[in-house]
Structure formats: C-alpha cells, structure tokens
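So this one's my_file-v1.cif, mmCIF, C-alpha atoms and all ligand atoms:
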```
data_query
#
loop_
_atom_site.group_PDB
_atom_site.id
_atom_site.type_symbol
_atom_site.label_atom_id
_atom_site.label_comp_id
_atom_site.auth_asym_id
_atom_site.auth_seq_id
_atom_site.Cartn_x
_atom_site.Cartn_y
_atom_site.Cartn_z
ATOM 1 C CA MET A 11 209.945 61.154 165.450
ATOM 2 C CA ASP A 12 209.300 64.897 165.141
ATOM 3 C CA PRO A 13 211.846 66.481 167.549
ATOM 4 C CA GLY A 14 209.245 69.091 168.533
ATOM 5 C CA LYS A 15 206.822 66.404 169.695
ATOM 6 C CA THR A 16 209.561 64.719 171.695
ATOM 7 C CA ARG A 17 210.262 67.916 173.607
ATOM 8 C CA GLN A 18 206.579 68.615 174.257
ATOM 9 C CA LYS A 19 206.320 65.194 175.839
ATOM 10 C CA GLU A 20 209.399 65.844 177.964
ATOM 11 C CA VAL A 21 207.962 69.019 179.504
ATOM 12 C CA ALA A 22 204.302 67.939 179.608
ATOM 13 C CA ASN A 23 203.997 67.959 183.411
ATOM 14 C CA LEU A 24 206.371 70.795 184.055
ATOM 15 C CA PRO A 25 207.486 73.130 185.489
ATOM 16 C CA ASP A 26 207.502 73.192 189.293
ATOM 17 C CA TYR A 27 206.843 76.654 190.645
ATOM 18 C CA GLN A 28 208.000 77.984 194.011
ATOM 19 C CA ASN A 29 208.206 81.354 195.717
ATOM 20 C CA ILE A 30 211.661 82.411 196.793
ATOM 21 C CA VAL A 31 213.114 85.344 198.723
ATOM 22 C CA SER A 32 216.007 86.907 196.832
ATOM 23 C CA LYS A 33 218.832 89.035 198.184
ATOM 24 C CA SER A 34 218.877 91.547 195.333
ATOM 25 C CA ILE A 35 217.056 92.207 192.087
ATOM 26 C CA LEU A 36 219.390 94.489 190.117
ATOM 27 C CA THR A 37 222.472 92.572 189.002
ATOM 28 C CA PRO A 38 225.484 94.536 187.731
ATOM 29 C CA ALA A 39 225.729 94.032 183.974
ATOM 30 C CA LYS A 40 228.641 92.170 182.438
ATOM 31 C CA GLY A 41 229.669 90.720 179.083
ATOM 32 C CA CYS A 42 227.386 91.410 176.169
ATOM 33 C CA VAL A 43 224.860 93.275 178.314
ATOM 34 C CA ALA A 44 227.488 95.721 179.579
ATOM 35 C CA HIS A 45 228.866 96.134 176.046
ATOM 36 C CA HIS A 46 225.473 97.453 175.080
ATOM 37 C CA SER A 47 225.723 100.133 177.795
ATOM 38 C CA PHE A 48 223.361 98.469 180.224
ATOM 39 C CA THR A 49 224.427 98.792 183.840
ATOM 40 C CA PHE A 50 222.047 96.239 185.362
ATOM 41 C CA SER A 51 220.115 93.138 184.431
ATOM 42 C CA LEU A 52 216.799 92.378 186.120
ATOM 43 C CA ASN A 53 215.364 88.859 186.269
ATOM 44 C CA PRO A 54 211.972 88.558 188.038
ATOM 45 C CA TYR A 55 212.144 84.765 187.862
ATOM 46 C CA VAL A 56 214.784 82.035 188.099
ATOM 47 C CA GLY A 57 214.359 79.441 185.370
ATOM 48 C CA CYS A 58 212.099 79.684 182.366
ATOM 49 C CA ALA A 59 209.034 77.687 181.402
ATOM 50 C CA PHE A 60 209.600 78.400 177.699
ATOM 51 C CA ALA A 61 212.485 75.910 177.791
ATOM 52 C CA CYS A 62 214.030 76.795 174.440
ATOM 53 C CA LYS A 63 216.311 73.974 173.351
ATOM 54 C CA TYR A 64 219.180 76.316 172.506
ATOM 55 C CA CYS A 65 218.930 78.430 175.697
ATOM 56 C CA TYR A 66 222.430 79.180 177.011
ATOM 57 C CA VAL A 67 221.136 79.855 180.499
ATOM 58 C CA MET A 68 220.834 76.125 181.109
ATOM 59 C CA GLU A 69 224.616 75.909 180.666
ATOM 60 C CA MET A 70 225.334 78.570 183.275
ATOM 61 C CA PRO A 71 226.738 77.447 186.632
ATOM 62 C CA GLN A 72 223.591 78.238 188.656
ATOM 63 C CA ALA A 73 221.421 76.167 186.317
ATOM 64 C CA LYS A 74 223.953 73.334 186.203
ATOM 65 C CA PHE A 75 224.204 73.310 189.988
ATOM 66 C CA ARG A 76 220.434 72.996 190.223
ATOM 67 C CA GLY A 77 220.699 69.593 188.571
ATOM 68 C CA LYS A 78 217.213 69.750 187.058
ATOM 69 C CA GLU A 79 216.125 69.835 183.456
ATOM 70 C CA TRP A 80 215.926 73.364 182.032
ATOM 71 C CA GLY A 81 212.279 74.386 181.850
ATOM 72 C CA SER A 82 211.233 72.062 184.659
ATOM 73 C CA TYR A 83 211.371 74.706 187.412
ATOM 74 C CA VAL A 84 210.595 78.371 187.867
ATOM 75 C CA ASP A 85 211.339 80.308 191.043
ATOM 76 C CA ILE A 86 209.222 83.387 191.608
ATOM 77 C CA LYS A 87 211.088 86.272 193.238
ATOM 78 C CA SER A 88 208.198 87.232 195.479
ATOM 79 C CA ASN A 89 210.109 90.069 197.173
ATOM 80 C CA ALA A 90 211.365 91.577 193.893
ATOM 81 C CA ASN A 91 209.576 94.854 194.340
ATOM 82 C CA VAL A 92 210.872 95.507 197.855
ATOM 83 C CA LEU A 93 214.379 94.729 196.653
ATOM 84 C CA LEU A 94 214.008 97.117 193.751
ATOM 85 C CA ASP A 95 213.521 100.095 196.074
ATOM 86 C CA ASN A 96 216.680 99.184 197.983
ATOM 87 C CA ASP A 97 218.783 98.449 194.899
ATOM 88 C CA ILE A 98 217.829 101.645 193.105
ATOM 89 C CA ARG A 99 218.532 103.744 196.190
ATOM 90 C CA LYS A 100 221.919 102.026 196.553
ATOM 91 C CA ALA A 101 222.782 102.670 192.893
ATOM 92 C CA LYS A 102 221.750 106.307 193.208
ATOM 93 C CA LYS A 103 223.873 106.733 196.331
ATOM 94 C CA LYS A 104 226.889 105.398 194.413
ATOM 95 C CA GLY A 105 226.128 107.747 191.510
ATOM 96 C CA GLN A 106 225.640 104.810 189.140
ATOM 97 C CA ARG A 107 223.803 105.183 185.861
ATOM 98 C CA ILE A 108 220.685 103.013 185.841
ATOM 99 C CA SER A 109 220.126 101.328 182.504
ATOM 100 C CA ILE A 110 218.266 98.052 182.886
ATOM 101 C CA PHE A 111 218.000 94.929 180.707
ATOM 102 C CA MET A 112 214.919 92.886 181.668
ATOM 103 C CA SER A 113 215.587 90.010 181.316
ATOM 104 C CA THR A 114 218.829 88.183 180.550
ATOM 105 C CA ALA A 115 218.311 84.775 182.178
ATOM 106 C CA THR A 116 214.563 84.276 182.152
ATOM 107 C CA ASP A 117 211.523 85.603 180.322
ATOM 108 C CA PRO A 118 209.770 88.351 182.313
ATOM 109 C CA TYR A 119 206.443 87.525 180.634
ATOM 110 C CA GLN A 120 206.491 83.744 180.846
ATOM 111 C CA TRP A 121 203.213 81.938 181.603
ATOM 112 C CA LYS A 122 203.300 82.448 185.374
ATOM 113 C CA GLU A 123 203.503 86.233 185.031
ATOM 114 C CA ALA A 124 199.833 86.295 184.006
ATOM 115 C CA LYS A 125 198.928 85.306 187.568
ATOM 116 C CA GLU A 126 201.855 86.520 189.665
ATOM 117 C CA ARG A 127 202.245 89.953 188.009
ATOM 118 C CA ILE A 128 205.787 90.355 189.371
ATOM 119 C CA THR A 129 207.005 92.103 186.212
ATOM 120 C CA GLU A 130 204.012 94.415 186.195
ATOM 121 C CA ALA A 131 204.690 95.426 189.807
ATOM 122 C CA ILE A 132 208.349 96.051 188.963
ATOM 123 C CA LEU A 133 207.353 98.353 186.094
ATOM 124 C CA GLU A 134 204.971 100.269 188.337
ATOM 125 C CA ASN A 135 207.722 100.702 190.896
ATOM 126 C CA LEU A 136 210.318 101.716 188.294
ATOM 127 C CA LEU A 137 207.998 104.540 187.297
ATOM 128 C CA ASN A 138 208.429 105.924 190.817
ATOM 129 C CA PHE A 139 212.100 106.364 189.906
ATOM 130 C CA ILE A 140 211.602 107.486 186.307
ATOM 131 C CA ASN A 141 213.844 110.536 186.733
ATOM 132 C CA ASP A 142 216.689 108.348 188.006
ATOM 133 C CA ILE A 143 216.439 105.732 185.261
ATOM 134 C CA ASP A 144 218.326 106.155 182.002
ATOM 135 C CA PHE A 145 216.815 103.304 180.046
ATOM 136 C CA LEU A 146 214.820 100.088 180.289
ATOM 137 C CA MET A 147 214.817 97.321 177.715
ATOM 138 C CA ILE A 148 212.097 94.714 177.917
ATOM 139 C CA HIS A 149 213.265 91.500 176.293
ATOM 140 C CA THR A 150 210.662 88.785 175.887
ATOM 141 C CA ARG A 151 209.070 86.320 173.502
ATOM 142 C CA SER A 152 205.655 86.446 175.104
ATOM 143 C CA PRO A 153 202.507 88.142 173.787
ATOM 144 C CA LEU A 154 201.545 88.755 177.421
ATOM 145 C CA VAL A 155 203.825 91.797 177.196
ATOM 146 C CA LYS A 156 201.033 93.776 175.545
ATOM 147 C CA ARG A 157 199.159 93.727 178.872
ATOM 148 C CA ASP A 158 201.524 96.460 180.091
ATOM 149 C CA ILE A 159 201.169 98.883 177.170
ATOM 150 C CA GLU A 160 199.774 101.633 179.378
ATOM 151 C CA LEU A 161 202.766 101.341 181.719
ATOM 152 C CA PHE A 162 205.237 101.350 178.821
ATOM 153 C CA LYS A 163 203.735 104.599 177.550
ATOM 154 C CA LYS A 164 204.710 106.298 180.804
ATOM 155 C CA PHE A 165 208.390 105.543 180.179
ATOM 156 C CA GLY A 166 208.361 107.743 177.045
ATOM 157 C CA ASP A 167 211.608 107.364 175.091
ATOM 158 C CA LYS A 168 213.338 105.630 177.986
ATOM 159 C CA ILE A 169 212.020 102.224 176.974
ATOM 160 C CA LEU A 170 212.442 99.688 174.186
ATOM 161 C CA VAL A 171 210.281 96.585 173.883
ATOM 162 C CA SER A 172 212.318 93.890 172.155
ATOM 163 C CA MET A 173 210.397 90.825 171.026
ATOM 164 C CA THR A 174 212.420 87.725 170.227
ATOM 165 C CA ILE A 175 211.138 86.105 167.036
ATOM 166 C CA GLU A 176 213.727 83.741 165.586
ATOM 167 C CA THR A 177 211.802 82.731 162.475
ATOM 168 C CA ASP A 178 208.555 83.364 160.615
ATOM 169 C CA SER A 179 207.906 79.602 160.471
ATOM 170 C CA GLU A 180 205.744 77.956 163.129
ATOM 171 C CA LYS A 181 206.966 74.592 161.850
ATOM 172 C CA TYR A 182 210.549 75.386 162.857
ATOM 173 C CA ARG A 183 209.541 77.302 165.982
ATOM 174 C CA LYS A 184 207.796 74.160 167.250
ATOM 175 C CA ILE A 185 210.928 72.089 166.693
ATOM 176 C CA PHE A 186 213.301 74.396 168.571
ATOM 177 C CA THR A 187 210.987 75.995 171.130
ATOM 178 C CA PRO A 188 207.859 73.843 171.450
ATOM 179 C CA SER A 189 206.929 75.339 174.836
ATOM 180 C CA ALA A 190 207.259 78.971 173.760
ATOM 181 C CA PRO A 191 204.373 81.146 172.513
ATOM 182 C CA PRO A 192 203.333 80.912 168.834
ATOM 183 C CA ILE A 193 204.854 83.426 166.421
ATOM 184 C CA PRO A 194 201.584 84.914 165.114
ATOM 185 C CA ALA A 195 200.626 85.854 168.686
ATOM 186 C CA ARG A 196 204.014 87.502 169.257
ATOM 187 C CA LEU A 197 203.742 89.483 166.037
ATOM 188 C CA LYS A 198 200.208 90.596 166.843
ATOM 189 C CA ALA A 199 201.221 91.742 170.318
ATOM 190 C CA LEU A 200 204.260 93.614 169.049
ATOM 191 C CA LYS A 201 202.209 95.329 166.350
ATOM 192 C CA GLU A 202 199.812 96.606 169.015
ATOM 193 C CA ILE A 203 202.689 97.913 171.096
ATOM 194 C CA THR A 204 204.282 99.628 168.093
ATOM 195 C CA GLU A 205 200.961 101.189 167.125
ATOM 196 C CA ALA A 206 200.641 102.520 170.669
ATOM 197 C CA GLY A 207 203.734 104.645 169.956
ATOM 198 C CA ILE A 208 206.163 102.620 172.058
ATOM 199 C CA PRO A 209 209.671 101.993 170.634
ATOM 200 C CA THR A 210 209.923 98.349 169.556
ATOM 201 C CA ARG A 211 212.114 95.915 167.671
ATOM 202 C CA ILE A 212 212.266 92.275 166.719
ATOM 203 C CA SER A 213 215.292 90.378 167.914
ATOM 204 C CA ILE A 214 215.983 87.487 165.543
ATOM 205 C CA SER A 215 217.969 85.660 168.148
ATOM 206 C CA PRO A 216 219.159 83.127 167.354
ATOM 207 C CA MET A 217 218.246 83.010 163.671
ATOM 208 C CA LEU A 218 216.393 79.771 162.892
ATOM 209 C CA PRO A 219 215.413 78.409 159.475
ATOM 210 C CA MET A 220 212.934 80.836 157.947
ATOM 211 C CA THR A 221 211.133 81.676 154.709
ATOM 212 C CA LYS A 222 211.845 84.454 152.224
ATOM 213 C CA LYS A 223 208.661 86.174 153.400
ATOM 214 C CA VAL A 224 210.216 86.900 156.770
ATOM 215 C CA ALA A 225 211.061 90.550 156.152
ATOM 216 C CA LYS A 226 207.584 91.488 154.954
ATOM 217 C CA VAL A 227 205.934 89.592 157.804
ATOM 218 C CA PHE A 228 208.156 91.212 160.437
ATOM 219 C CA LYS A 229 207.777 94.695 158.928
ATOM 220 C CA GLU A 230 204.070 94.519 159.733
ATOM 221 C CA ALA A 231 204.941 94.595 163.429
ATOM 222 C CA THR A 232 207.907 96.969 163.771
ATOM 223 C CA ASP A 233 210.413 99.102 161.870
ATOM 224 C CA THR A 234 213.530 97.642 163.474
ATOM 225 C CA VAL A 235 215.140 94.209 163.567
ATOM 226 C CA VAL A 236 218.429 93.002 165.002
ATOM 227 C CA LEU A 237 219.980 89.757 163.814
ATOM 228 C CA ASP A 238 221.898 87.284 165.926
ATOM 229 C CA THR A 239 223.036 83.701 165.441
ATOM 230 C CA TYR A 240 224.627 81.014 167.613
ATOM 231 C CA SER A 241 228.063 82.369 166.745
ATOM 232 C CA LEU A 242 227.681 86.142 166.227
ATOM 233 C CA CYS A 243 227.027 86.832 169.913
ATOM 234 C CA ASN A 244 228.884 84.019 171.562
ATOM 235 C CA GLY A 245 232.229 84.155 173.331
ATOM 236 C CA GLY A 246 233.247 80.805 171.868
ATOM 237 C CA SER A 247 232.138 81.704 168.324
ATOM 238 C CA GLY A 248 229.521 78.979 168.459
ATOM 239 C CA ASP A 249 231.463 76.537 170.646
ATOM 240 C CA ARG A 250 228.877 76.524 173.416
ATOM 241 C CA THR A 251 226.062 75.723 171.021
ATOM 242 C CA GLU A 252 228.238 73.021 169.530
ATOM 243 C CA GLN A 253 228.659 71.488 173.002
ATOM 244 C CA MET A 254 224.900 71.568 173.536
ATOM 245 C CA GLY A 255 224.353 69.343 170.506
ATOM 246 C CA ILE A 256 222.033 71.758 168.696
ATOM 247 C CA LYS A 257 223.644 70.852 165.388
ATOM 248 C CA LYS A 258 221.986 67.429 165.636
ATOM 249 C CA ILE A 259 218.540 68.985 165.422
ATOM 250 C CA TYR A 260 219.482 70.654 162.130
ATOM 251 C CA GLU A 261 220.727 67.343 160.808
ATOM 252 C CA GLU A 262 217.524 65.572 161.904
ATOM 253 C CA ILE A 263 215.400 68.049 159.946
ATOM 254 C CA ASN A 264 217.748 67.918 156.944
ATOM 255 C CA LEU A 265 218.669 71.591 157.152
ATOM 256 C CA PRO A 266 222.357 71.518 158.166
ATOM 257 C CA GLN A 267 223.067 74.531 155.938
ATOM 258 C CA TRP A 268 221.046 76.702 158.345
ATOM 259 C CA TYR A 269 223.498 75.836 161.117
ATOM 260 C CA GLU A 270 226.522 77.099 159.214
ATOM 261 C CA LYS A 271 228.127 80.219 160.650
ATOM 262 C CA ASP A 272 227.552 82.379 157.593
ATOM 263 C CA ALA A 273 223.946 81.254 156.970
ATOM 264 C CA TYR A 274 222.816 84.699 158.125
ATOM 265 C CA LYS A 275 224.474 86.277 155.082
ATOM 266 C CA LYS A 276 221.670 84.915 152.904
ATOM 267 C CA ILE A 277 219.001 86.432 155.129
ATOM 268 C CA LEU A 278 220.628 89.795 155.799
ATOM 269 C CA PRO A 279 220.007 91.237 152.285
ATOM 270 C CA ILE A 280 216.372 90.112 152.413
ATOM 271 C CA LEU A 281 215.915 91.946 155.701
ATOM 272 C CA GLU A 282 217.842 94.988 154.559
ATOM 273 C CA LYS A 283 215.677 95.340 151.477
ATOM 274 C CA GLU A 284 212.667 95.855 153.737
ATOM 275 C CA PHE A 285 214.181 97.488 156.834
ATOM 276 C CA GLY A 286 217.170 99.419 155.494
ATOM 277 C CA HIS A 287 220.299 98.834 157.561
ATOM 278 C CA VAL A 288 220.055 95.834 159.896
ATOM 279 C CA ASN A 289 222.332 95.508 162.888
ATOM 280 C CA THR A 290 223.973 92.237 163.734
ATOM 281 C CA ILE A 291 225.540 91.767 167.158
ATOM 282 C CA LYS A 292 228.844 90.575 165.756
ATOM 283 C CA ASP A 293 231.251 93.467 166.327
ATOM 284 C CA GLU A 294 230.256 94.557 169.814
ATOM 285 C CA CYS A 295 229.934 91.086 171.296
ATOM 286 C CA SER A 296 232.866 89.085 170.003
ATOM 287 C CA LYS A 297 234.034 88.441 173.557
ATOM 288 C CA CYS A 298 230.743 88.289 175.350
ATOM 289 C CA SER A 299 230.162 85.832 178.143
ATOM 290 C CA LEU A 300 226.422 86.128 178.396
ATOM 291 C CA PHE A 301 223.852 85.235 175.803
ATOM 292 C CA LEU A 302 220.972 87.615 175.276
ATOM 293 C CA THR A 303 217.965 85.349 175.589
HETATM 294 S S1 LIG A 401 215.996 81.562 175.550
HETATM 295 FE FE1 LIG A 401 214.878 83.021 176.871
HETATM 296 S S2 LIG A 401 212.732 82.418 176.646
HETATM 297 FE FE2 LIG A 401 213.973 80.700 175.918
HETATM 298 S S3 LIG A 401 214.238 79.373 177.721
HETATM 299 FE FE3 LIG A 401 216.000 80.739 177.657
HETATM 300 S S4 LIG A 401 215.403 82.426 178.995
HETATM 301 FE FE4 LIG A 401 213.541 81.367 178.439
#
```
For the file at hand, write its structure as structure tokens.
Ligand code: SF4
Amino acid sequence: MDPGKTRQKEVANLPDYQNIVSKSILTPAKGCVAHHSFTFSLNPYVGCAFACKYCYVMEMPQAKFRGKEWGSYVDIKSNANVLLDNDIRKAKKKGQRISIFMSTATDPYQWKEAKERITEAILENLLNFINDIDFLMIHTRSPLVKRDIELFKKFGDKILVSMTIETDSEKYRKIFTPSAPPIPARLKALKEITEAGIPTRISISPMLPMTKKVAKVFKEATDTVVLDTYSLCNGGSGDRTEQMGIKKIYEEINLPQWYEKDAYKKILPILEKEFGHVNTIKDECSKCSLFLT
C-alpha cells in the first residue's frame, strides 16, 4: 500500500485541539538554535497537525511523556501574547540580546492558526518592541504565512522568512508528510513574500528525493536555499532518524540511495549552479541536540 495513503488514514480524524495556559513563551535557545546565534525559541503551539513522519519533536521527552501519536493533538497557547510582554521585559532587564526563532517544535502557521491567529498577535506585539529585538526568523512550511506580509514588512531587515520545502516532488512529499501543505502552494506563498521585499529562503530540511528541476523551481521563489539532511544537523549523525525507522520508507519506495548520508552531494552542485554558494548545516551543528523543524 502507498505509505502516504496509510498515514492519511491514520490522521484522518485528528488532531484534538485544546487551549492551554503557558508559564512562558520565550524559551532560552540551546543546541543548534543557539549555535545559529538565536537567544530564544518561540512556539505558539504545542504539537503539530502537519505530523511529518520524520519530525524529531515526537522523540523529545515532552512528546514522549504525552503518550499520544504525533500529530494527533495541538495545544493552543491562548495566553502567549500576555506572556510575551513579560518575557521580553525580563530579557531586557537582564540585558539579554533578543534574537528569536519561531518555531522550533511546532509550525507557527499550521491549520489552526487561520482561526486562532496566535502567531499574528505575537507578531503585532513584537513590533511594539522592535527597537529591543535583534532578529526574528519565521520558520514554517505553511502558505498561510503570506497572510502576515504587511506585518513582516514592518520588521525591515530584522526578519527572515524561512520556508521548509524538502523536495520539488509532490509524490514524495505526500509519502513523507501527507498532512502538510502542498509544495506548489508553499512556493507561491514564498514568491509573494520575496516579491514584497521581505528577506526569504527555502530550507531543504530534511532533503527528500527530488528531481533535477529542483533548483530552477526553487529559484522562482527565492534567491537563497539552505540544505540539511537527517545526518548533517543531527547530534547522533543520523542515529535518531535511524531509531525512528525512516529508512524503511525509503526501502518501501525503492529509493534507499536517497537515505545514504552523502546523497546530498549529488544535489548540492545542481543547487549551486542556480544559487551560487549553498550553505549546509553540517559544520555549525555537528553537536546539536535540537532539530530545526
Ligand atoms: S517537522 Fe515541523 S511541520 Fe513537521 S510535524 Fe514537526 S514541527 Fe510540524
């Protein structure tokens, strides 16, 4: 059976949504996030309806403790905006630099954001502190992100919108992330954001099987890509992915060569021909303990 169809069936009636009251919204950065000079991560939700099969967050202690299937629940941090005021004031008082990665353990523009608008409210509030904020990176795989173009503009050069697009192939996207938004919609949204003058990039993370057209297709939407694989940005050099059994999916679709650690070396020159130099995350993150979703 098509592994993509199996997964769609698994999450058909999911997730369960609930409002929660959090204690804080800015979390001190660590691991890979800190290595990239971010001082805080910001997650408006707990859990993620996109339910990517390779998502490392499901292996983290909080998700394990929950005891529910990843993608089957999403907690909405209904007091996020109130907390943001407090957390920013606290950081300022301590003289901390405020460089925020939104988000590391959820997607800030997952389906529920269209109604709840938690992320939008956070952005509006962050603009109240624009002089105190060094940088904000928006990390998402949702075309909903284009809704907030006018807010992004107000951040000037203090913002980067990073769209995760792991492949140019919808066929493979549906196998690995059947509940995530389609690639053409992501590309279209990112193109609009780029054309609005907002700094953007595509994060190929993790690299999935793709076609040779990938560079030309991606170049339509942005001038910058960053490449990551299961092992380039992974404290165990791919061990965690190995434990999750992702390799089996590659075997089922008869593409085991795409799972090999140096598979990215075939794609890198194709990307570099179109984009010039392409960063991989390898050097900075060899000891990271947190996967950039
Ligand atoms: S990889 Fe990102 S978008 Fe996918 S399930 Fe995990 S948090 Fe959500």
Result set, the PyMOL selection byres (((chain A and resi 63) around 7) and not hetatm) on current file, as a PDB file with C-alpha atoms, in the coordinates of the input:
```pdb
ATOM      1  CA  ALA A  61     212.485  75.910 177.791  1.00  0.00           C
ATOM      2  CA  CYS A  62     214.030  76.795 174.440  1.00  0.00           C
ATOM      3  CA  TYR A  64     219.180  76.316 172.506  1.00  0.00           C
ATOM      4  CA  CYS A  65     218.930  78.430 175.697  1.00  0.00           C
ATOM      5  CA  PHE A 186     213.301  74.396 168.571  1.00  0.00           C
ATOM      6  CA  THR A 187     210.987  75.995 171.130  1.00  0.00           C
TER       7      THR A 187
END
```
Task: Two-atom distance - atom CA of A:Phe60, atom S3 of ligand LIG 401 (chain A) (Å) - done: 4.7 Å
- [ ] Rank A:Gly105, A:Gly57, A:Pro266, A:Pro38 by their smallest atom-to-atom distance to ligand LIG 401 (chain A), using only C-alpha atoms and all ligand atoms, and report the top residue only.
- [x]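 Going through A:Gly105, A:Gly57, A:Pro266, A:Pro38 one by one, the smallest distance to ligand LIG 401 (chain A) is for A:Gly57.
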Task: Cut-off 10 Å, all atoms listed in the file, neighbours of ligand LIG 401 (chain A) as a PyMOL selection string - done: chain A and resi 53+55-68+80-81+113-120+149-152+174+186-187+189-191+215-216+301-303
Open item on the list: At a cut-off of 9 Å, using all atoms listed in the file, what residues contact A:Thr290? Leave out same-chain residues fewer than 4 positions from it and give the result as a PyMOL selection string.
Closed with: chain A and resi 236-239+242-243+278
Task: Residue contacts of A:Glu282 (12 Å, only C-alpha atoms) excluding same-chain residues fewer than 6 positions away, as a ChimeraX atom specification - done: /A:224-226,228-229,233-237,274-276,288-290
Export, as an mmCIF file, in the coordinates of the input, the selected residues with C-alpha atoms.
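New file result21.cif:
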```
data_model
loop_
_atom_site.group_PDB
_atom_site.id
_atom_site.type_symbol
_atom_site.label_atom_id
_atom_site.label_comp_id
_atom_site.auth_asym_id
_atom_site.auth_seq_id
_atom_site.Cartn_x
_atom_site.Cartn_y
_atom_site.Cartn_z
ATOM 1 C CA VAL A 224 210.216 86.900 156.770
ATOM 2 C CA ALA A 225 211.061 90.550 156.152
ATOM 3 C CA LYS A 226 207.584 91.488 154.954
ATOM 4 C CA PHE A 228 208.156 91.212 160.437
ATOM 5 C CA LYS A 229 207.777 94.695 158.928
ATOM 6 C CA ASP A 233 210.413 99.102 161.870
ATOM 7 C CA THR A 234 213.530 97.642 163.474
ATOM 8 C CA VAL A 235 215.140 94.209 163.567
ATOM 9 C CA VAL A 236 218.429 93.002 165.002
ATOM 10 C CA LEU A 237 219.980 89.757 163.814
ATOM 11 C CA TYR A 274 222.816 84.699 158.125
ATOM 12 C CA LYS A 275 224.474 86.277 155.082
ATOM 13 C CA LYS A 276 221.670 84.915 152.904
ATOM 14 C CA VAL A 288 220.055 95.834 159.896
ATOM 15 C CA ASN A 289 222.332 95.508 162.888
ATOM 16 C CA THR A 290 223.973 92.237 163.734
#
```
TODO: Take atom CA of A:Lys168 and atom CA of A:Phe145 and report the distance between them in Å, one decimal.
DONE: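 Computing it gives 4.7 Å between the two atoms.
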Open item on the list: Just the number, please: distance in Å from atom CA of A:Gln28 to atom CA of A:Thr49, one decimal.
Closed with: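 Separation of atom CA of A:Gln28 and atom CA of A:Thr49: 28.4 Å.
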Open item on the list: Quick one: residues within 9 Å of A:Tyr182, only C-alpha atoms, excluding same-chain residues fewer than 5 positions away - as JSON, numbers by chain?
Closed with: {"A": [14, 177, 187, 218, 219, 220]}
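When all atoms listed in the file are used to compute distances to A:Asp167, the closest of the residues A:Ile277, A:Ile208, A:Leu137, A:Val84 turns out to be A:Ile208.
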Task: Counting all atoms listed in the file, the option among A:Arg127, A:Lys40, A:Lys164, A:Lys181 closest to A:Phe111 - done: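 Among A:Arg127, A:Lys40, A:Lys164, A:Lys181, it is A:Lys40 that comes nearest to A:Phe111.
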Task: Within-12 Å shell of (228.4, 100.7, 180.5) in input frame, only C-alpha atoms, as number ranges by chain - done: A: 38-51, 106-111, 144-145
